[in-house]
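I have placed the structure first, in the form of structure tokens, so that the comments after it can refer back to it.
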Amino acid sequence: MISRPESRLGMAEIIGIKLNISKEKALHFCQMYQPAVSLTELEASVGRVTLSRKQEVMVQLDVESVTFAATRPAAMLLEQLAVCVAKGEPVLLVGETGTGKTSTVQHLAKVTGHRLRVVNMNQQSDTADLLGGYKPVDHKQILLPLREAFEDLFSQTYSRKQNLTFLGHVQTCFRGKRWQDLLKLMDHVCKSALTKELQEKPNATLLQEQWEMLAAKLSQTQQQIRACETAVVFAFVEGTLAQAVKKGQWILLDEINLAAAEMLECLSGLLEGNAGSLVLLDRGDTEPLVRHPDFRLFACMNPATDVGKRNLPLGLRNRFTELYVEELENEGDLRILVSDYLKGLNPHRNIISGIISFYLAVRKEAASHLVDGMGHRPHYSLRTLCRALKYAAANPCRSVQRSLYE
């Protein structure tokens, strides 16, 4: 990871010579090149890479509209992330607080239709947070994974379209907490499938094994439900990382360098290439989880320059594809950012220029003179600017000048 721009430029020139690329072309790619971003119904193209967009069956309502300004550094980072996603590489983003590391990953997940789960790491983070552990559970937590497995296997065996009424009845029983009715419905279908329905299927042997496994889980769950009525029942609840690996979700471990080294050891198996996975030893598993091909791992960290921050262990760090995220200080890129956030107010060019000048001046002063009420130096970053612009864009004072002032 090379944080200084001039050092990166020098390195690019040296690599360019080895690859028969002229100094001017290397300079263009390092300082001027901006990849194009385009979206269609089925694909998302970012520069030199094209990713397929996941088509979700469920309808998702956007509660909040998030602004993503297509500045040159943001587009470059988006292309680099997209290449890593296409190649299945785990990514480590290194940069100061508020430079847009998390928001860029969130934007890429949104445009490609993947669910991103963000886990904020700290000194108190435990392996149970990522992998899971035994916890007291109620009926709903016991039956939810069973119902999901049942519906998935039912769709493989029968026509989902022709049985929408039945599947709707299963969901109604689950939502209405009619646990006995739900268990009877699943038990009836399970017995029916094992006795006669599978003989006509081309993959009958595989389905037979899966239905037998489901029948065993169903019997075990019925015992747990009966025990739940008389005592507190503990069950293994899978953690965020384990669920993401199984379901093909994306996961972002924020501030990964703050977690204890022992806790990060659980990631080593996942970083052993595209086939790497996890083994839930606490649950008694001896085989690793089946890793979904859509699963991707991202991590973010701040450079170890402040008190209390440390570097990631080298043995873990060198398994990531590491990208450095710079502070946004170019006036042209800042103009694009401010214009995107305030487009609803249609501000004059002079107002945008004034905001940019103020932001750059206050950053410079904060590094040398400014202190807050506690005597600490304030930190102004891209995050601070975006939050202020988001507030001003809502125009709470019903006056553009007053909202900007506030």
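Residues are referred to by chain and number: the chain letter is A, B, ... according to the order shown in the structure tokens, the number counts from 1 in that chain, and ligands are numbered separately from 1 in the order shown.
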
For range 208-290 of chain A against range 90-100 of chain A, with a cut-off of 12 Å and counting only C-alpha atoms, what is the closest atom pair and its distance in Å to one decimal for every residue that makes the cut, ordered by chain and number, as CSV?
residue,atom,partner,partner_atom,distance
A:Trp250,CA,A:Pro90,CA,10.5
A:Ile251,CA,A:Pro90,CA,10.3
A:Leu252,CA,A:Val91,CA,9.4
A:Leu253,CA,A:Leu92,CA,9.3
A:Asp254,CA,A:Leu93,CA,9.4
A:Glu255,CA,A:Val94,CA,9.6
A:Ile256,CA,A:Leu92,CA,9.2
A:Asn257,CA,A:Val94,CA,10.3
A:Leu267,CA,A:Pro90,CA,10.9
A:Ser268,CA,A:Pro90,CA,11.5
A:Leu270,CA,A:Pro90,CA,9.1
A:Leu271,CA,A:Pro90,CA,7.2
A:Glu272,CA,A:Pro90,CA,10.1
A:Gly273,CA,A:Pro90,CA,8.9
A:Asn274,CA,A:Pro90,CA,9.3
A:Gly276,CA,A:Pro90,CA,11.2

How would the residues just chosen look if you wrote them out with C-alpha atoms as an mmCIF file, in the first residue's frame?
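Output (again_31.cif):
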data_model
loop_
_atom_site.group_PDB
_atom_site.id
_atom_site.type_symbol
_atom_site.label_atom_id
_atom_site.label_comp_id
_atom_site.auth_asym_id
_atom_site.auth_seq_id
_atom_site.Cartn_x
_atom_site.Cartn_y
_atom_site.Cartn_z
ATOM 1 C CA TRP A 250 -21.548 -9.434 0.815
ATOM 2 C CA ILE A 251 -19.998 -8.530 4.164
ATOM 3 C CA LEU A 252 -17.964 -5.465 5.138
ATOM 4 C CA LEU A 253 -15.827 -5.597 8.282
ATOM 5 C CA ASP A 254 -15.325 -1.949 9.244
ATOM 6 C CA GLU A 255 -12.345 -0.914 11.421
ATOM 7 C CA ILE A 256 -10.998 -4.467 11.093
ATOM 8 C CA ASN A 257 -7.637 -3.487 12.611
ATOM 9 C CA LEU A 267 -11.051 -15.305 8.807
ATOM 10 C CA SER A 268 -7.952 -17.246 7.727
ATOM 11 C CA LEU A 270 -12.074 -17.713 4.169
ATOM 12 C CA LEU A 271 -8.991 -16.107 2.648
ATOM 13 C CA GLU A 272 -7.570 -19.354 1.242
ATOM 14 C CA GLY A 273 -8.843 -18.592 -2.259
ATOM 15 C CA ASN A 274 -12.301 -18.837 -3.832
ATOM 16 C CA GLY A 276 -12.043 -21.104 1.326
#

task: Find the spatial neighbours of Ala394 in chain A, counting only C-alpha atoms, within a cut-off of 10 Å - ignore same-chain residues fewer than 2 positions away - and output them as a list in words.
output: Tyr341, Leu342, Gly344, Leu345, Leu389, Lys390, Tyr391, Ala392, Pro396, Cys397, Arg398, Val400 and Ser403 of chain A

query: Residues at most 9 Å from Phe68 in chain A, counting only C-alpha atoms, excluding those fewer than 4 positions away in the same chain, as a VMD selection string?
result: chain A and resid 74 103 to 104 107 337 340 to 341

Within 12 Å of range 15-32 of chain A, which residues of range 60-100 of chain A show up? Give each one with its shortest atom-to-atom distance in Å (one decimal) and the two atoms involved, counting only C-alpha atoms, rows by chain then rising residue number, as CSV.
residue,atom,partner,partner_atom,distance
A:Thr71,CA,A:Met32,CA,11.6
A:Arg72,CA,A:Met32,CA,8.1
A:Pro73,CA,A:Gln31,CA,9.6
A:Ala75,CA,A:Met32,CA,11.7
A:Met76,CA,A:Cys30,CA,9.8

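Residues in contact range of Pro313 in chain A, defined as at most 12 Å between only C-alpha atoms, with sequence neighbours fewer than 5 positions away removed, read Ile256, Asn257, Leu258, Ala259, Ala260, Ala261, Glu262, Met263, Leu264, Glu265, Ser268, Ala304, Asn318, Arg319 and Phe320 of chain A.
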
Would you put the residues from that selection into a file with N, CA, C and O atoms, as an mmCIF file, in the first residue's frame?
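Result file follows (out34.cif):
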data_model
loop_
_atom_site.group_PDB
_atom_site.id
_atom_site.type_symbol
_atom_site.label_atom_id
_atom_site.label_comp_id
_atom_site.auth_asym_id
_atom_site.auth_seq_id
_atom_site.Cartn_x
_atom_site.Cartn_y
_atom_site.Cartn_z
ATOM 1 N N ILE A 256 -11.434 -3.090 10.835
ATOM 2 C CA ILE A 256 -10.998 -4.467 11.093
ATOM 3 C C ILE A 256 -9.729 -4.523 11.940
ATOM 4 O O ILE A 256 -9.506 -5.475 12.686
ATOM 5 N N ASN A 257 -8.900 -3.479 11.863
ATOM 6 C CA ASN A 257 -7.637 -3.487 12.611
ATOM 7 C C ASN A 257 -7.828 -3.281 14.108
ATOM 8 O O ASN A 257 -6.890 -3.461 14.880
ATOM 9 N N LEU A 258 -9.050 -2.896 14.541
ATOM 10 C CA LEU A 258 -9.294 -2.720 15.972
ATOM 11 C C LEU A 258 -9.587 -4.037 16.674
ATOM 12 O O LEU A 258 -9.495 -4.128 17.905
ATOM 13 N N ALA A 259 -9.983 -5.065 15.922
ATOM 14 C CA ALA A 259 -10.320 -6.358 16.528
ATOM 15 C C ALA A 259 -9.055 -7.077 16.980
ATOM 16 O O ALA A 259 -7.967 -6.876 16.426
ATOM 17 N N ALA A 260 -9.197 -7.928 18.009
ATOM 18 C CA ALA A 260 -8.053 -8.681 18.527
ATOM 19 C C ALA A 260 -7.569 -9.681 17.473
ATOM 20 O O ALA A 260 -8.356 -10.225 16.693
ATOM 21 N N ALA A 261 -6.257 -9.938 17.479
ATOM 22 C CA ALA A 261 -5.656 -10.845 16.491
ATOM 23 C C ALA A 261 -6.245 -12.246 16.592
ATOM 24 O O ALA A 261 -6.458 -12.920 15.581
ATOM 25 N N GLU A 262 -6.551 -12.695 17.840
ATOM 26 C CA GLU A 262 -7.119 -14.034 18.026
ATOM 27 C C GLU A 262 -8.491 -14.138 17.369
ATOM 28 O O GLU A 262 -8.860 -15.172 16.821
ATOM 29 N N MET A 263 -9.239 -13.030 17.440
ATOM 30 C CA MET A 263 -10.584 -13.021 16.866
ATOM 31 C C MET A 263 -10.529 -13.078 15.339
ATOM 32 O O MET A 263 -11.381 -13.667 14.682
ATOM 33 N N LEU A 264 -9.484 -12.447 14.757
ATOM 34 C CA LEU A 264 -9.350 -12.400 13.299
ATOM 35 C C LEU A 264 -8.873 -13.723 12.708
ATOM 36 O O LEU A 264 -8.924 -13.909 11.487
ATOM 37 N N GLU A 265 -8.420 -14.632 13.573
ATOM 38 C CA GLU A 265 -7.953 -15.933 13.080
ATOM 39 C C GLU A 265 -9.061 -16.707 12.369
ATOM 40 O O GLU A 265 -8.797 -17.527 11.495
ATOM 41 N N SER A 268 -9.043 -16.662 8.515
ATOM 42 C CA SER A 268 -7.952 -17.246 7.727
ATOM 43 C C SER A 268 -8.456 -18.285 6.733
ATOM 44 O O SER A 268 -7.986 -18.344 5.595
ATOM 45 N N ALA A 304 -2.521 3.243 10.665
ATOM 46 C CA ALA A 304 -2.138 3.203 12.086
ATOM 47 C C ALA A 304 -1.305 4.421 12.444
ATOM 48 O O ALA A 304 -0.144 4.323 12.834
ATOM 49 N N ASN A 318 -1.708 -9.597 4.027
ATOM 50 C CA ASN A 318 -1.204 -9.882 2.677
ATOM 51 C C ASN A 318 -2.093 -10.842 1.898
ATOM 52 O O ASN A 318 -1.801 -11.150 0.741
ATOM 53 N N ARG A 319 -3.185 -11.318 2.489
ATOM 54 C CA ARG A 319 -4.131 -12.165 1.750
ATOM 55 C C ARG A 319 -5.238 -11.338 1.095
ATOM 56 O O ARG A 319 -6.017 -11.863 0.323
ATOM 57 N N PHE A 320 -5.317 -10.064 1.446
ATOM 58 C CA PHE A 320 -6.295 -9.159 0.838
ATOM 59 C C PHE A 320 -5.675 -8.462 -0.369
ATOM 60 O O PHE A 320 -4.459 -8.289 -0.447
#

Distance table requested - range 169-198 of chain A against range 124-140 of chain A, cut-off 10 Å, only C-alpha atoms: one row per qualifying residue with the closest atom pair and its distance in Å to one decimal, ordered by chain and rising residue number, as a tab-separated table.
residue	atom	partner	partner_atom	distance
A:Phe174	CA	A:Lys140	CA	7.9
A:Arg175	CA	A:Lys140	CA	9.1
A:Lys177	CA	A:Lys140	CA	7.7
A:Trp179	CA	A:His139	CA	7.6

Would you export the selected residues with N, CA and C atoms as a PDB file, in the first residue's frame, please?
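Printed below is part.pdb as written:
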ATOM      1  N   PHE A 174     -46.714 -19.213  10.059  1.00  0.00           N
ATOM      2  CA  PHE A 174     -45.490 -18.735  10.708  1.00  0.00           C
ATOM      3  C   PHE A 174     -45.710 -17.352  11.315  1.00  0.00           C
ATOM      4  N   ARG A 175     -46.325 -16.458  10.548  1.00  0.00           N
ATOM      5  CA  ARG A 175     -46.555 -15.102  11.056  1.00  0.00           C
ATOM      6  C   ARG A 175     -47.559 -15.097  12.196  1.00  0.00           C
ATOM      7  N   LYS A 177     -47.883 -17.358  14.394  1.00  0.00           N
ATOM      8  CA  LYS A 177     -47.315 -18.147  15.504  1.00  0.00           C
ATOM      9  C   LYS A 177     -48.120 -19.410  15.786  1.00  0.00           C
ATOM     10  N   TRP A 179     -47.545 -22.622  15.560  1.00  0.00           N
ATOM     11  CA  TRP A 179     -46.394 -23.491  15.361  1.00  0.00           C
ATOM     12  C   TRP A 179     -46.802 -24.944  15.094  1.00  0.00           C
TER      13      TRP A 179
END

field: Separation of CA of Ala367 in chain A from CA of Cys386 in chain A in Å
entry: 19.6 Å

message: Quick one: residues within 12 Å of range 169-173 of chain A, only C-alpha atoms, excluding same-chain residues fewer than 6 positions away - as a ChimeraX atom specification?
response: /A:140,143-144,146-148,150-151,154,163,179-187,189

Export C-alpha atoms of the chosen residues as a PDB file, in the first residue's frame?
ATOM      1  CA  LYS A 140     -39.647 -18.318  16.022  1.00  0.00           C
ATOM      2  CA  LEU A 143     -38.480 -22.583  13.212  1.00  0.00           C
ATOM      3  CA  LEU A 144     -37.182 -19.819  10.912  1.00  0.00           C
ATOM      4  CA  LEU A 146     -36.323 -24.881   9.152  1.00  0.00           C
ATOM      5  CA  ARG A 147     -39.046 -23.013   7.236  1.00  0.00           C
ATOM      6  CA  GLU A 148     -36.461 -21.460   4.893  1.00  0.00           C
ATOM      7  CA  PHE A 150     -38.375 -26.405   3.655  1.00  0.00           C
ATOM      8  CA  GLU A 151     -39.444 -23.722   1.151  1.00  0.00           C
ATOM      9  CA  PHE A 154     -40.184 -27.591  -1.851  1.00  0.00           C
ATOM     10  CA  ASN A 163     -48.524 -24.160  -5.071  1.00  0.00           C
ATOM     11  CA  TRP A 179     -46.394 -23.491  15.361  1.00  0.00           C
ATOM     12  CA  GLN A 180     -48.211 -26.839  15.608  1.00  0.00           C
ATOM     13  CA  ASP A 181     -50.120 -26.202  12.351  1.00  0.00           C
ATOM     14  CA  LEU A 182     -46.857 -25.223  10.635  1.00  0.00           C
ATOM     15  CA  LEU A 183     -45.100 -28.387  11.805  1.00  0.00           C
ATOM     16  CA  LYS A 184     -48.039 -30.553  10.659  1.00  0.00           C
ATOM     17  CA  LEU A 185     -48.007 -28.961   7.183  1.00  0.00           C
ATOM     18  CA  MET A 186     -44.259 -29.507   6.749  1.00  0.00           C
ATOM     19  CA  ASP A 187     -44.440 -33.046   8.172  1.00  0.00           C
ATOM     20  CA  VAL A 189     -45.376 -32.741   2.705  1.00  0.00           C
TER      21      VAL A 189
END

- request: Find the residue from A:Ala227, A:Val362, A:Ala275, A:Ala69 that sits nearest to Ser339 in chain A; use only C-alpha atoms when measuring.
  value: A:Ala69

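Interatomic distance, CA of Leu51 in chain A against CA of Val85 in chain A: 8.4 Å.
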
task: Assign secondary structure with DSSP using the backbone only, and return the residues of range 133-223 of chain A in strand (DSSP E) as a list in words.
output: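 Strand (DSSP E) assignments inside range 133-223 of chain A correspond to Gly133, Tyr134, Lys135, Pro136 and Val137 of chain A.
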
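With only C-alpha atoms as the atoms that count, the minimum distance from Lys343 in chain A to the choices A:Trp211, A:Asp294, A:Asn395, A:Thr165 is reached by A:Asn395.
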
message: Could you tell me how far CA of Val118 in chain A sits from CA of Leu297 in chain A, in Å to one decimal place?
response: 10.5 Å

task: Could you tell me, as a ChimeraX atom specification, which residues of range 96-179 of chain A DSSP assigns to helix (DSSP H, G or I) when given the backbone?
output: /A:101-112,127-130,139-157,164-175,179
